[in-house]
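**Q** File structure17.csv below, CSV, C-alpha atoms and all ligand atoms:
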```csv
chain,number,residue,atom,x,y,z
A,1,MET,CA,144.3,6.8,-105.7
A,2,VAL,CA,141.8,9.0,-104.0
A,3,TYR,CA,138.7,6.9,-103.9
A,4,LYS,CA,137.8,3.3,-104.3
A,5,ILE,CA,134.1,2.2,-104.7
A,6,ARG,CA,133.1,-1.4,-104.4
A,7,VAL,CA,130.5,-2.7,-106.8
A,8,SER,CA,129.1,-5.7,-104.9
A,9,LEU,CA,127.6,-8.3,-107.3
A,10,ASP,CA,128.5,-11.7,-105.7
A,11,ASN,CA,131.0,-13.4,-108.1
A,12,ASN,CA,130.9,-10.4,-110.5
A,13,SER,CA,132.0,-7.8,-107.9
A,14,TYR,CA,134.7,-5.3,-108.7
A,15,ASP,CA,136.2,-2.0,-107.7
A,16,ILE,CA,136.0,1.4,-109.3
A,17,HIS,CA,139.3,3.2,-108.7
A,18,ILE,CA,139.3,7.0,-109.0
A,19,TYR,CA,142.7,8.8,-109.4
A,20,ASN,CA,143.5,12.5,-109.1
A,21,LYS,CA,146.2,14.4,-110.9
A,22,LEU,CA,149.0,13.1,-108.7
A,23,SER,CA,148.2,9.5,-108.1
A,24,SER,CA,147.7,8.1,-111.6
A,25,ASN,CA,151.1,6.8,-112.7
A,26,ILE,CA,151.3,4.4,-109.8
A,27,SER,CA,147.8,3.1,-110.4
A,28,ILE,CA,147.8,2.3,-114.1
A,29,SER,CA,151.1,0.4,-113.7
A,30,THR,CA,149.5,-2.0,-111.2
A,31,ILE,CA,147.0,-3.1,-113.9
A,32,PHE,CA,149.6,-4.0,-116.4
A,33,SER,CA,152.1,-5.6,-114.2
A,34,LYS,CA,149.5,-8.2,-113.2
A,35,LYS,CA,148.1,-8.8,-116.7
A,36,ASN,CA,150.6,-10.2,-119.1
A,37,ASN,CA,148.1,-11.7,-121.4
A,38,SER,CA,146.2,-8.5,-122.2
A,39,VAL,CA,145.1,-6.8,-125.4
A,40,ILE,CA,144.2,-3.1,-125.4
A,41,ILE,CA,141.3,-2.1,-127.6
A,42,THR,CA,141.4,1.6,-128.4
A,43,ASN,CA,141.2,4.0,-131.4
A,44,ASP,CA,143.7,6.0,-133.2
A,45,THR,CA,142.8,9.3,-131.6
A,46,ILE,CA,143.4,8.0,-128.2
A,47,LYS,CA,146.5,6.0,-129.1
A,48,ASN,CA,148.1,9.0,-130.6
A,49,ILE,CA,147.3,11.3,-127.7
A,50,ILE,CA,148.7,8.8,-125.3
A,51,LEU,CA,151.7,7.7,-127.2
A,52,LYS,CA,152.7,11.0,-128.7
A,53,LYS,CA,151.6,13.6,-126.3
A,54,LYS,CA,150.8,13.8,-122.7
A,55,TYR,CA,150.7,10.6,-120.9
A,56,ILE,CA,154.4,9.6,-120.8
A,57,TYR,CA,153.8,7.2,-117.8
A,58,ILE,CA,151.1,5.2,-119.5
A,59,ASN,CA,153.0,5.2,-122.7
A,60,ASN,CA,155.9,3.5,-121.0
A,61,ILE,CA,153.7,1.0,-119.4
A,62,ILE,CA,151.6,0.0,-122.3
A,63,ARG,CA,154.4,0.0,-124.9
A,64,ASN,CA,154.7,-3.8,-124.7
A,65,VAL,CA,151.0,-4.6,-124.6
A,66,PRO,CA,149.4,-5.5,-128.0
A,67,PHE,CA,146.9,-3.0,-129.4
A,68,PHE,CA,143.9,-3.5,-131.6
A,69,ILE,CA,142.9,-0.2,-133.1
A,70,ILE,CA,139.4,0.6,-134.3
A,71,LYS,CA,138.3,3.6,-136.2
A,72,ASP,CA,137.1,6.6,-134.1
A,73,GLY,CA,133.4,7.2,-134.0
A,74,GLU,CA,130.0,6.1,-132.9
A,75,CYS,CA,129.3,4.8,-136.4
A,76,TYR,CA,132.0,2.1,-135.8
A,77,LYS,CA,130.2,0.7,-132.8
A,78,ASN,CA,128.8,-2.1,-134.9
A,79,LEU,CA,128.9,-5.8,-135.5
A,80,GLN,CA,131.5,-5.5,-138.3
A,81,VAL,CA,134.0,-4.1,-135.8
A,82,VAL,CA,133.1,-6.8,-133.3
A,83,GLU,CA,133.9,-9.3,-136.0
A,84,ASP,CA,137.2,-7.5,-136.8
A,85,ILE,CA,138.3,-7.7,-133.1
A,86,ILE,CA,137.3,-11.4,-132.8
A,87,HIS,CA,139.3,-12.1,-136.0
A,88,PHE,CA,142.3,-10.4,-134.6
A,89,LEU,CA,142.1,-12.3,-131.3
A,90,LEU,CA,141.7,-15.7,-133.1
A,91,ASN,CA,144.3,-15.0,-135.6
A,92,LYS,CA,146.8,-14.3,-132.8
A,93,SER,CA,145.6,-17.4,-130.9
A,94,TYR,CA,144.3,-15.7,-127.8
A,95,GLY,CA,142.6,-18.1,-125.5
A,96,ARG,CA,140.1,-17.8,-122.7
A,97,ASP,CA,142.7,-16.4,-120.4
A,98,VAL,CA,143.0,-13.1,-122.4
A,99,THR,CA,142.0,-9.9,-120.7
A,100,LEU,CA,140.7,-7.2,-122.9
A,101,ILE,CA,141.4,-3.6,-121.9
A,102,ALA,CA,139.0,-1.0,-123.0
A,103,LEU,CA,141.0,2.2,-123.3
A,104,GLY,CA,138.7,5.0,-124.4
A,105,GLY,CA,135.3,6.5,-124.2
A,106,GLY,CA,131.9,4.9,-124.2
A,107,VAL,CA,132.2,3.6,-127.7
A,108,ILE,CA,135.4,1.6,-127.0
A,109,GLY,CA,134.0,0.5,-123.6
A,110,ASP,CA,130.7,-0.8,-125.0
A,111,ILE,CA,132.3,-2.6,-127.9
A,112,THR,CA,135.2,-4.1,-125.9
A,113,GLY,CA,132.8,-5.3,-123.2
A,114,PHE,CA,130.6,-6.9,-125.8
A,115,VAL,CA,133.4,-8.8,-127.4
A,116,ALA,CA,134.6,-9.8,-124.0
A,117,SER,CA,131.1,-11.2,-123.3
A,118,ILE,CA,131.1,-13.4,-126.4
A,119,TYR,CA,134.7,-14.3,-127.2
A,120,GLN,CA,135.1,-18.0,-126.4
A,121,ARG,CA,131.9,-17.7,-124.3
A,122,GLY,CA,133.3,-14.9,-122.2
A,123,VAL,CA,136.7,-13.5,-121.1
A,124,ASN,CA,137.7,-10.9,-118.6
A,125,PHE,CA,137.8,-7.2,-119.4
A,126,ILE,CA,138.9,-4.0,-117.7
A,127,GLN,CA,137.6,-0.5,-118.3
A,128,ILE,CA,140.0,2.5,-118.5
A,129,PRO,CA,137.6,5.3,-119.4
A,130,THR,CA,139.1,8.3,-121.0
A,131,THR,CA,136.1,10.6,-121.5
A,132,LEU,CA,133.9,12.2,-118.8
A,133,LEU,CA,130.8,10.4,-120.1
A,134,ALA,CA,132.5,7.0,-119.7
A,135,GLN,CA,134.0,7.9,-116.3
A,136,VAL,CA,130.6,8.9,-114.8
A,137,ASP,CA,128.5,6.4,-116.6
A,138,ALA,CA,129.4,4.1,-119.5
A,139,SER,CA,132.3,2.2,-117.9
A,140,ILE,CA,130.3,1.2,-114.9
A,141,GLY,CA,127.5,-1.4,-114.6
A,142,GLY,CA,128.3,-3.9,-117.4
A,143,LYS,CA,126.0,-2.8,-120.2
A,144,THR,CA,127.8,-3.6,-123.3
A,145,GLY,CA,126.8,-3.6,-127.0
A,146,VAL,CA,126.7,-2.1,-130.4
A,147,ASN,CA,124.3,-0.3,-132.6
A,148,HIS,CA,122.2,-1.6,-135.4
A,149,LYS,CA,121.2,0.7,-138.3
A,150,LEU,CA,117.6,0.4,-137.2
A,151,GLY,CA,118.3,1.2,-133.5
A,152,LYS,CA,120.8,2.3,-131.0
A,153,ASN,CA,122.4,-0.3,-128.7
A,154,MET,CA,120.1,-2.9,-130.0
A,155,ILE,CA,122.6,-5.7,-129.8
A,156,GLY,CA,124.3,-6.3,-126.5
A,157,SER,CA,124.8,-8.1,-123.2
A,158,PHE,CA,125.3,-7.5,-119.5
A,159,TRP,CA,128.9,-8.3,-118.8
A,160,GLN,CA,130.7,-6.8,-115.8
A,161,PRO,CA,134.3,-5.6,-116.1
A,162,LYS,CA,136.8,-6.9,-113.6
A,163,GLY,CA,137.8,-3.3,-112.6
A,164,VAL,CA,137.3,0.3,-113.6
A,165,PHE,CA,140.2,2.7,-113.5
A,166,ILE,CA,139.2,6.3,-113.7
A,167,ASP,CA,142.1,8.7,-114.2
A,168,ILE,CA,141.0,12.4,-114.4
A,169,ASN,CA,144.3,13.3,-116.2
A,170,PHE,CA,142.8,11.9,-119.4
A,171,LEU,CA,140.2,14.7,-119.5
A,172,SER,CA,142.8,17.4,-120.0
A,173,THR,CA,142.9,16.5,-123.8
A,174,LEU,CA,139.2,15.8,-124.2
A,175,PRO,CA,137.5,18.4,-126.5
A,176,ARG,CA,135.0,20.6,-124.8
A,177,LYS,CA,132.0,19.2,-126.7
A,178,HIS,CA,132.8,15.8,-125.2
A,179,ILE,CA,133.1,17.3,-121.7
A,180,LEU,CA,129.6,18.8,-122.3
A,181,SER,CA,128.3,15.5,-123.4
A,182,GLY,CA,129.5,13.9,-120.2
A,183,MET,CA,128.0,16.8,-118.2
A,184,ALA,CA,124.5,15.8,-119.6
A,185,GLU,CA,124.8,12.4,-117.9
A,186,ILE,CA,125.9,14.0,-114.7
A,187,ILE,CA,122.9,16.3,-114.7
A,188,LYS,CA,120.8,13.2,-115.5
A,189,TYR,CA,121.9,11.5,-112.3
A,190,ALA,CA,120.9,14.6,-110.2
A,191,ILE,CA,117.5,14.8,-111.8
A,192,ILE,CA,116.8,11.2,-111.2
A,193,PHE,CA,118.1,10.7,-107.7
A,194,ASP,CA,119.4,13.7,-105.9
A,195,LYS,CA,118.0,17.1,-105.5
A,196,GLU,CA,120.9,18.3,-103.3
A,197,PHE,CA,123.3,17.2,-106.0
A,198,PHE,CA,121.2,19.2,-108.5
A,199,VAL,CA,121.4,22.3,-106.4
A,200,TRP,CA,125.2,21.8,-106.0
A,201,LEU,CA,125.5,21.4,-109.8
A,202,GLU,CA,123.5,24.6,-110.4
A,203,LYS,CA,126.2,26.4,-108.4
A,204,ASN,CA,129.2,24.5,-109.5
A,205,LEU,CA,128.5,23.8,-113.2
A,206,LEU,CA,131.3,25.9,-114.6
A,207,LYS,CA,133.9,24.6,-112.2
A,208,VAL,CA,133.2,21.1,-113.3
A,209,LEU,CA,133.1,22.1,-117.0
A,210,ASN,CA,136.5,23.8,-116.4
A,211,LEU,CA,137.8,20.6,-114.9
A,212,GLN,CA,138.6,22.1,-111.5
A,213,GLU,CA,140.0,19.1,-109.6
A,214,GLU,CA,138.0,19.2,-106.4
A,215,GLU,CA,134.6,19.7,-108.0
A,216,LEU,CA,135.4,17.3,-110.9
A,217,LEU,CA,136.4,14.5,-108.4
A,218,PHE,CA,133.3,15.2,-106.3
A,219,CYS,CA,131.1,14.8,-109.4
A,220,ILE,CA,132.7,11.7,-110.7
A,221,LYS,CA,132.6,10.0,-107.3
A,222,LYS,CA,129.0,11.0,-106.7
A,223,CYS,CA,127.9,9.6,-110.1
A,224,CYS,CA,129.8,6.4,-109.6
A,225,GLU,CA,128.2,5.9,-106.1
A,226,LEU,CA,124.7,6.6,-107.4
A,227,LYS,CA,125.1,4.2,-110.3
A,228,THR,CA,126.7,1.5,-108.1
A,229,ARG,CA,123.7,1.6,-105.8
A,230,VAL,CA,121.4,1.0,-108.7
A,231,ILE,CA,123.5,-1.7,-110.3
A,232,GLU,CA,123.8,-3.6,-106.9
A,233,ASN,CA,120.0,-3.6,-106.6
A,234,ASP,CA,119.1,-4.4,-110.2
A,235,GLU,CA,122.1,-5.5,-112.3
A,236,LYS,CA,120.0,-6.6,-115.4
A,237,GLU,CA,117.5,-3.8,-115.5
A,238,ASN,CA,114.4,-5.6,-114.3
A,239,ASP,CA,113.5,-2.8,-111.9
A,240,VAL,CA,115.2,0.5,-110.8
A,241,ARG,CA,118.0,0.5,-113.4
A,242,VAL,CA,115.4,1.5,-115.9
A,243,PHE,CA,115.4,5.0,-114.3
A,244,LEU,CA,118.9,5.5,-115.6
A,245,ASN,CA,117.3,5.7,-119.0
A,246,LEU,CA,115.7,9.1,-118.3
A,247,GLY,CA,115.4,10.9,-121.6
A,248,HIS,CA,117.0,8.1,-123.5
A,249,SER,CA,114.0,6.9,-125.5
A,250,PHE,CA,114.0,10.3,-127.1
A,251,ALA,CA,117.8,10.5,-127.2
A,252,HIS,CA,118.3,7.2,-128.9
A,253,ALA,CA,115.6,8.1,-131.5
A,254,ILE,CA,117.6,11.3,-132.2
A,255,GLU,CA,120.9,9.4,-132.5
A,256,THR,CA,119.4,6.8,-134.8
A,257,TYR,CA,117.6,9.3,-137.0
A,258,THR,CA,120.5,11.6,-137.5
A,259,GLY,CA,123.0,8.9,-138.1
A,260,TYR,CA,125.3,7.7,-135.4
A,261,GLY,CA,127.9,10.3,-134.3
A,262,LYS,CA,126.1,13.4,-135.7
A,263,TRP,CA,124.5,14.1,-132.4
A,264,LEU,CA,126.7,13.2,-129.5
A,265,HIS,CA,125.1,10.9,-127.0
A,266,GLY,CA,125.0,13.5,-124.2
A,267,TYR,CA,123.6,16.2,-126.5
A,268,ALA,CA,120.8,13.9,-127.4
A,269,VAL,CA,120.3,13.0,-123.7
A,270,SER,CA,120.0,16.7,-122.9
A,271,ALA,CA,117.3,17.3,-125.5
A,272,GLY,CA,115.6,14.0,-124.6
A,273,ILE,CA,115.4,14.8,-120.9
A,274,ILE,CA,113.8,18.1,-121.6
A,275,MET,CA,111.2,16.4,-123.8
A,276,SER,CA,110.5,13.9,-121.1
A,277,ALA,CA,110.2,16.7,-118.5
A,278,TYR,CA,107.8,18.6,-120.7
A,279,LEU,CA,105.7,15.5,-121.2
A,280,SER,CA,105.6,15.1,-117.4
A,281,VAL,CA,104.3,18.7,-117.1
A,282,GLN,CA,101.6,17.9,-119.6
A,283,LEU,CA,100.6,14.8,-117.5
A,284,ASN,CA,100.4,17.1,-114.4
A,285,LEU,CA,103.2,15.2,-112.8
A,286,LEU,CA,106.0,17.8,-112.8
A,287,ASN,CA,105.5,21.4,-111.8
A,288,LYS,CA,106.6,24.1,-114.3
A,289,TYR,CA,109.1,25.7,-111.9
A,290,ASP,CA,111.1,22.4,-111.8
A,291,PHE,CA,110.7,22.1,-115.5
A,292,PHE,CA,112.3,25.5,-116.1
A,293,ARG,CA,115.1,24.6,-113.7
A,294,ILE,CA,115.8,21.5,-115.7
A,295,VAL,CA,115.8,23.5,-119.0
A,296,LYS,CA,118.0,26.2,-117.5
A,297,ILE,CA,120.7,23.9,-116.2
A,298,PHE,CA,121.2,22.2,-119.6
A,299,TYR,CA,121.1,25.6,-121.2
A,300,ASN,CA,123.6,27.1,-118.8
A,301,ALA,CA,125.9,24.1,-119.5
A,302,GLY,CA,125.8,24.9,-123.2
A,303,LEU,CA,123.9,21.8,-124.1
A,304,PRO,CA,121.0,21.6,-126.7
A,305,ILE,CA,117.6,22.2,-125.3
A,306,LYS,CA,115.7,20.9,-128.3
A,307,GLY,CA,116.2,18.1,-130.8
A,308,PRO,CA,117.3,18.3,-134.5
A,309,LYS,CA,115.3,20.8,-136.6
A,310,GLN,CA,114.6,18.3,-139.3
A,311,MET,CA,113.1,15.7,-137.0
A,312,LEU,CA,109.3,15.5,-136.9
A,313,PRO,CA,107.3,14.2,-134.0
A,314,ASP,CA,106.3,11.2,-136.1
A,315,ASP,CA,109.9,10.4,-136.7
A,316,TYR,CA,110.4,10.2,-132.9
A,317,ILE,CA,107.4,7.9,-132.4
A,318,LEU,CA,108.4,5.5,-135.1
A,319,LEU,CA,111.9,5.0,-133.6
A,320,MET,CA,110.7,5.1,-130.0
A,321,LEU,CA,108.5,2.1,-130.6
A,322,ARG,CA,111.7,0.1,-131.1
A,323,ASP,CA,113.0,1.2,-127.7
A,324,LYS,CA,114.2,-1.6,-125.4
A,325,LYS,CA,111.7,-0.5,-122.8
A,326,VAL,CA,108.8,-1.2,-125.1
A,327,LEU,CA,106.7,-4.1,-123.7
A,328,ASN,CA,103.7,-5.6,-125.5
A,329,ARG,CA,104.1,-2.9,-128.1
A,330,THR,CA,103.5,-0.3,-125.4
A,331,MET,CA,106.0,2.5,-124.9
A,332,ARG,CA,107.3,2.9,-121.4
A,333,LEU,CA,109.0,6.2,-120.6
A,334,VAL,CA,111.0,7.4,-117.7
A,335,ILE,CA,109.9,11.0,-116.8
A,336,PRO,CA,110.9,13.3,-113.9
A,337,ILE,CA,108.1,14.0,-111.4
A,338,SER,CA,110.2,16.4,-109.4
A,339,ILE,CA,113.9,17.2,-109.2
A,340,GLY,CA,115.4,14.1,-107.7
A,341,ARG,CA,112.5,11.8,-108.5
A,342,VAL,CA,111.4,10.0,-111.6
A,343,GLN,CA,108.6,7.6,-112.6
A,344,LEU,CA,108.1,5.0,-115.3
A,345,VAL,CA,104.9,5.8,-117.3
A,346,SER,CA,103.2,3.6,-119.9
A,347,SER,CA,100.2,4.0,-122.2
A,348,VAL,CA,100.8,7.7,-122.6
A,349,LYS,CA,98.3,8.9,-125.3
A,350,GLU,CA,100.0,9.3,-128.6
A,351,SER,CA,98.4,12.7,-129.1
A,352,ILE,CA,99.9,14.0,-125.8
A,353,LEU,CA,103.3,12.6,-126.7
A,354,LEU,CA,103.2,14.1,-130.2
A,355,ASN,CA,102.1,17.4,-128.9
A,356,SER,CA,104.8,17.5,-126.3
A,357,ILE,CA,107.5,16.8,-128.8
A,358,GLN,CA,106.1,19.5,-131.1
A,359,GLN,CA,106.0,22.1,-128.3
A,360,CYS,CA,109.6,21.3,-127.3
A,361,GLN,CA,110.8,21.5,-130.9
A,362,LYS,CA,109.3,25.0,-131.2
A,363,GLN,CA,110.3,25.8,-127.6
A,364,ILE,CA,106.7,27.0,-127.0
A,365,TYR,CA,106.0,25.7,-123.6
A,366,LYS,CA,102.3,25.9,-123.0
A,367,PHE,CA,101.1,25.4,-119.5
A,401,LIG,P1,133.3,8.3,-127.6
A,401,LIG,O1,133.7,7.0,-127.0
A,401,LIG,O2,133.0,8.4,-129.0
A,401,LIG,O3,134.5,9.4,-127.2
A,401,LIG,C1,134.3,10.7,-127.6
A,401,LIG,C2,135.5,11.2,-128.5
A,401,LIG,O4,136.6,11.5,-127.6
A,401,LIG,C3,136.0,10.2,-129.5
A,401,LIG,O5,136.4,10.9,-130.6
A,401,LIG,C4,137.3,9.7,-128.8
A,401,LIG,O6,138.3,9.2,-129.7
A,401,LIG,C5,137.8,10.9,-128.0
A,401,LIG,N1,138.6,10.7,-126.8
A,401,LIG,C6,138.4,9.8,-125.9
A,401,LIG,N2,139.2,10.0,-124.9
A,401,LIG,C7,139.9,11.1,-125.2
A,401,LIG,C8,140.9,11.9,-124.5
A,401,LIG,N3,141.3,11.6,-123.2
A,401,LIG,N4,141.4,13.0,-125.1
A,401,LIG,C9,141.0,13.3,-126.3
A,401,LIG,N5,140.1,12.7,-127.0
A,401,LIG,C10,139.5,11.6,-126.4
A,401,LIG,O7,132.0,8.9,-126.8
A,401,LIG,P2,131.6,8.9,-125.3
A,401,LIG,O8,130.8,10.1,-125.1
A,401,LIG,O9,132.7,8.6,-124.4
A,401,LIG,O10,130.6,7.6,-125.2
A,401,LIG,C11,129.4,7.6,-125.9
A,401,LIG,C12,129.0,6.2,-126.0
A,401,LIG,O11,128.8,5.6,-124.7
A,401,LIG,C13,127.7,6.0,-126.8
A,401,LIG,O12,127.8,4.9,-127.7
A,401,LIG,C14,126.7,5.6,-125.7
A,401,LIG,O13,125.7,4.8,-126.2
A,401,LIG,C15,127.6,4.9,-124.7
A,401,LIG,N6,127.1,4.8,-123.4
A,401,LIG,C16,127.1,3.6,-122.7
A,401,LIG,C17,126.6,3.5,-121.4
A,401,LIG,C18,126.7,2.1,-120.7
A,401,LIG,O14,126.2,2.0,-119.6
A,401,LIG,N7,127.3,1.1,-121.3
A,401,LIG,C19,126.2,4.6,-120.8
A,401,LIG,C20,126.2,5.8,-121.4
A,401,LIG,C21,126.6,5.9,-122.7
A,402,LIG,N1,123.4,4.1,-118.8
A,402,LIG,C1,122.3,3.3,-118.4
A,402,LIG,C2,122.7,2.1,-117.7
A,402,LIG,O1,123.8,1.8,-117.5
A,402,LIG,O2,121.8,1.4,-117.2
```
How does the structure come out when it is put into structure tokens?
Ligand code: NAD
Ligand code: GLY

**A**
Amino acid sequence: MVYKIRVSLDNNSYDIHIYNKLSSNISISTIFSKKNNSVIITNDTIKNIILKKKYIYINNIIRNVPFFIIKDGECYKNLQVVEDIIHFLLNKSYGRDVTLIALGGGVIGDITGFVASIYQRGVNFIQIPTTLLAQVDASIGGKTGVNHKLGKNMIGSFWQPKGVFIDINFLSTLPRKHILSGMAEIIKYAIIFDKEFFVWLEKNLLKVLNLQEEELLFCIKKCCELKTRVIENDEKENDVRVFLNLGHSFAHAIETYTGYGKWLHGYAVSAGIIMSAYLSVQLNLLNKYDFFRIVKIFYNAGLPIKGPKQMLPDDYILLMLRDKKVLNRTMRLVIPISIGRVQLVSSVKESILLNSIQQCQKQIYKF
């Protein structure tokens, strides 16, 4: 292990372990030697990669642990699959002492955590994130849940894992588009909290995307530390945790509108952050120089800088009114006010919002 980060939440505290290319085999074995009564939740893609291809060490370790395999895809992050997992656990007579192990990306982590939070009123779970997005964001902080056809992540709970084990070796088989998707969340952290990190990313973007170990580890550690600080101050999103949703009101609308899985989460976040940044320019809160730096970093990474062509401004508004941040039917949006600082705004005039979305769609930025 190269880093250990403590998430201090009284009785719900846990460690995030980060492993480099050399240390991993020792680490994962420690989880399984202690947990006899475990069930791994994963999908076929991941199981096949692990069992048939690269990760001989984990293959040997997990061979004797029961698996429950779900289908691969965001569209399977739903209540039917929750029911299927619960049926499996009950059918095999697993009790409250079972530990669920989420082995996979954010989809597996979110659904496993949700099942862990409701199975027999709550059982332990462990996160072994295998995508960049899950390693820098989804596996940390205990947000669990599934999608509803009317809205993304609309059913869920806060349920902290007992530990997070991040092994960068997994990323070597991850398709490039999913590396990019994770990169969008990394850039998100920099825009919200840390200008210095943003400048570092501007210089080191390609090294991270090419999975160069030193830069990759730096990035993962940085994001885990930033997120941990937020979670420790506001576990249940009553305050600062809301900032982590930068661009997400737009992004979730895109994901729901297009059908889950058509637009990767990070791709939608990229387009969503740009829309929120442009709105901020329109509200005279963000200067246009910072706006263009934000557009440029996503563009340089190879991420989308506008939403799906077919989606109209009204389509966004309709879906954004179902966002979890809506209070008293009033939309609340997180927008950047400079690089490294964000603000929560409410009561934005619908005409300004519609116009901002429209300008972003056409990429005609009028200042
Ligand atoms: P994902 O879980 O769908 O994984 C992406 C793809 O990569 C899948 O096809 C998966 O099978 C494959 N895969 C996973 N690991 C692999 C590996 N090592 N090698 C090859 N292929 C591999 O997507 P994701 O981007 O990890 O997660 C997106 C989900 O995370 C969304 O549902 C989003 O809402 C959620 N999310 C949750 C939080 C949170 O705080 N809970 C935060 C951000 C995002
Ligand atoms: N990804 C947003 C959060 O964990 O709060």

**Q** Counting all atoms listed in the file, figure out which residue out of A:Cys219, A:Tyr267, A:Pro308, A:Ser172 gets nearest to A:Lys207.

**A**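 Closest to A:Lys207 of all the choices is A:Cys219.
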
**Q** With distances taken over all atoms listed in the file, which residue among A:Ser270, A:Cys223, A:Tyr365, A:Gly109 lies nearest A:Gly302?

**A**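 Closest residue, counting all atoms listed in the file: A:Ser270.
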
**Q** Measuring atom to atom with only C-alpha atoms, identify which of A:Leu226, A:Leu321, A:Ile335, A:Leu171 is nearest to A:Ile274.

**A** A:Ile335

**Q** Throw together the list of residues within 12 Å of ligand LIG 402 (chain A), counting all atoms listed in the file, and drop it here as an MDAnalysis selection string.

**A** chainID A and resid 106 109:110 133:145 153 157:160 182 184:186 188:189 223:224 226:249 251:252 265:266 269 324:325

**Q** Compare A:Lys262, A:Lys162, A:His87, A:Lys222 by their minimum atom-to-atom distance to ligand LIG 401 (chain A), counting only C-alpha atoms and all ligand atoms, and give me the closest one.

**A** A:Lys262

**Q** Rank nothing, just name the residue among A:Ala102, A:Val164, A:Val82, A:Leu353 nearest to A:Ile118, using all atoms listed in the file.

**A** A:Val82

**Q** Which residues are near A:Thr258? Cut-off 12 Å, all atoms listed in the file, ignore same chain within fewer than 6 positions. Put them as JSON, numbers by chain.

**A** {"A": [74, 75, 149, 150, 151, 152, 251, 252, 264, 265, 268, 307, 308, 309, 310, 311, 312, 315, 316, 319]}

**Q** Could you please determine the separation between atom O7 of ligand LIG 401 (chain A) and atom CA of A:Ile108 in Å, to one decimal place?

**A** 8.1 Å

**Q** Using only C-alpha atoms, which residue out of A:Ile69, A:Val7, A:Leu209, A:Met320 lies closest to A:Glu255?

**A**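 Smallest distance to A:Glu255 is found for A:Met320.
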
**Q** Report, in Å with one decimal, the straight-line distance from atom CA of A:Leu89 to atom CA of A:Val115.

**A**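 Here the two named atoms are 10.2 Å from each other.
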
**Q** Report the distance between atom CA of A:Lys296 and atom CA of A:Leu283 in Å, rounded to one decimal place.

**A**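 Taking atom CA of A:Lys296 and atom CA of A:Leu283, their separation equals 20.8 Å.
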
**Q** Identify, on the basis of only C-alpha atoms, every residue whose closest approach to A:Asp194 does not exceed 12 Å; exclude the query and any residue fewer than 2 positions from it along the same chain; express the result as a ChimeraX atom specification.

**A** /A:186-192,196-201,222-223,225-227,336,338-342

**Q** Hey, can I get the axis-aligned box for stretch 76-95 of chain A? All listed atoms, 5 Å padding on each side, centre and edge lengths in Å to one decimal, as AutoDock Vina command-line options.

**A**
```
--center_x 137.8 --center_y -8.0 --center_z -131.9 --size_x 28.0 --size_y 30.2 --size_z 22.8
```

**Q** Which neighbours of A:Pro161 fall inside 6 Å, counting all atoms listed in the file, when residues of the same chain fewer than 2 positions from it are skipped, and could you give them as a list in words?

**A**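 Here the qualifying residues turn out to be Phe125, Ile126 and Gly163 of chain A.
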
**Q** Would you mind listing what lies within 10 Å of A:Gln282 as a VMD selection string, with only C-alpha atoms counted and same-chain residues fewer than 5 positions away left out?

**A** chain A and resid 276 to 277 287 to 288 352 to 353 355 to 356 365 to 367

**Q** Within 9 Å of stretch 40-43 of chain A, which residues of stretch 65-84 of chain A show up? Give each one with its shortest atom-to-atom distance in Å (one decimal) and the two atoms involved, counting only C-alpha atoms, rows by chain then rising residue number, as JSON lines.

**A**
```
{"residue": "A:Val65", "atom": "CA", "partner": "A:Ile40", "partner_atom": "CA", "distance": 7.0}
{"residue": "A:Pro66", "atom": "CA", "partner": "A:Ile40", "partner_atom": "CA", "distance": 6.3}
{"residue": "A:Phe67", "atom": "CA", "partner": "A:Ile40", "partner_atom": "CA", "distance": 4.8}
{"residue": "A:Phe68", "atom": "CA", "partner": "A:Ile41", "partner_atom": "CA", "distance": 5.0}
{"residue": "A:Ile69", "atom": "CA", "partner": "A:Asn43", "partner_atom": "CA", "distance": 4.8}
{"residue": "A:Ile70", "atom": "CA", "partner": "A:Asn43", "partner_atom": "CA", "distance": 4.8}
{"residue": "A:Lys71", "atom": "CA", "partner": "A:Asn43", "partner_atom": "CA", "distance": 5.6}
{"residue": "A:Asp72", "atom": "CA", "partner": "A:Asn43", "partner_atom": "CA", "distance": 5.6}
{"residue": "A:Gly73", "atom": "CA", "partner": "A:Asn43", "partner_atom": "CA", "distance": 8.8}
```
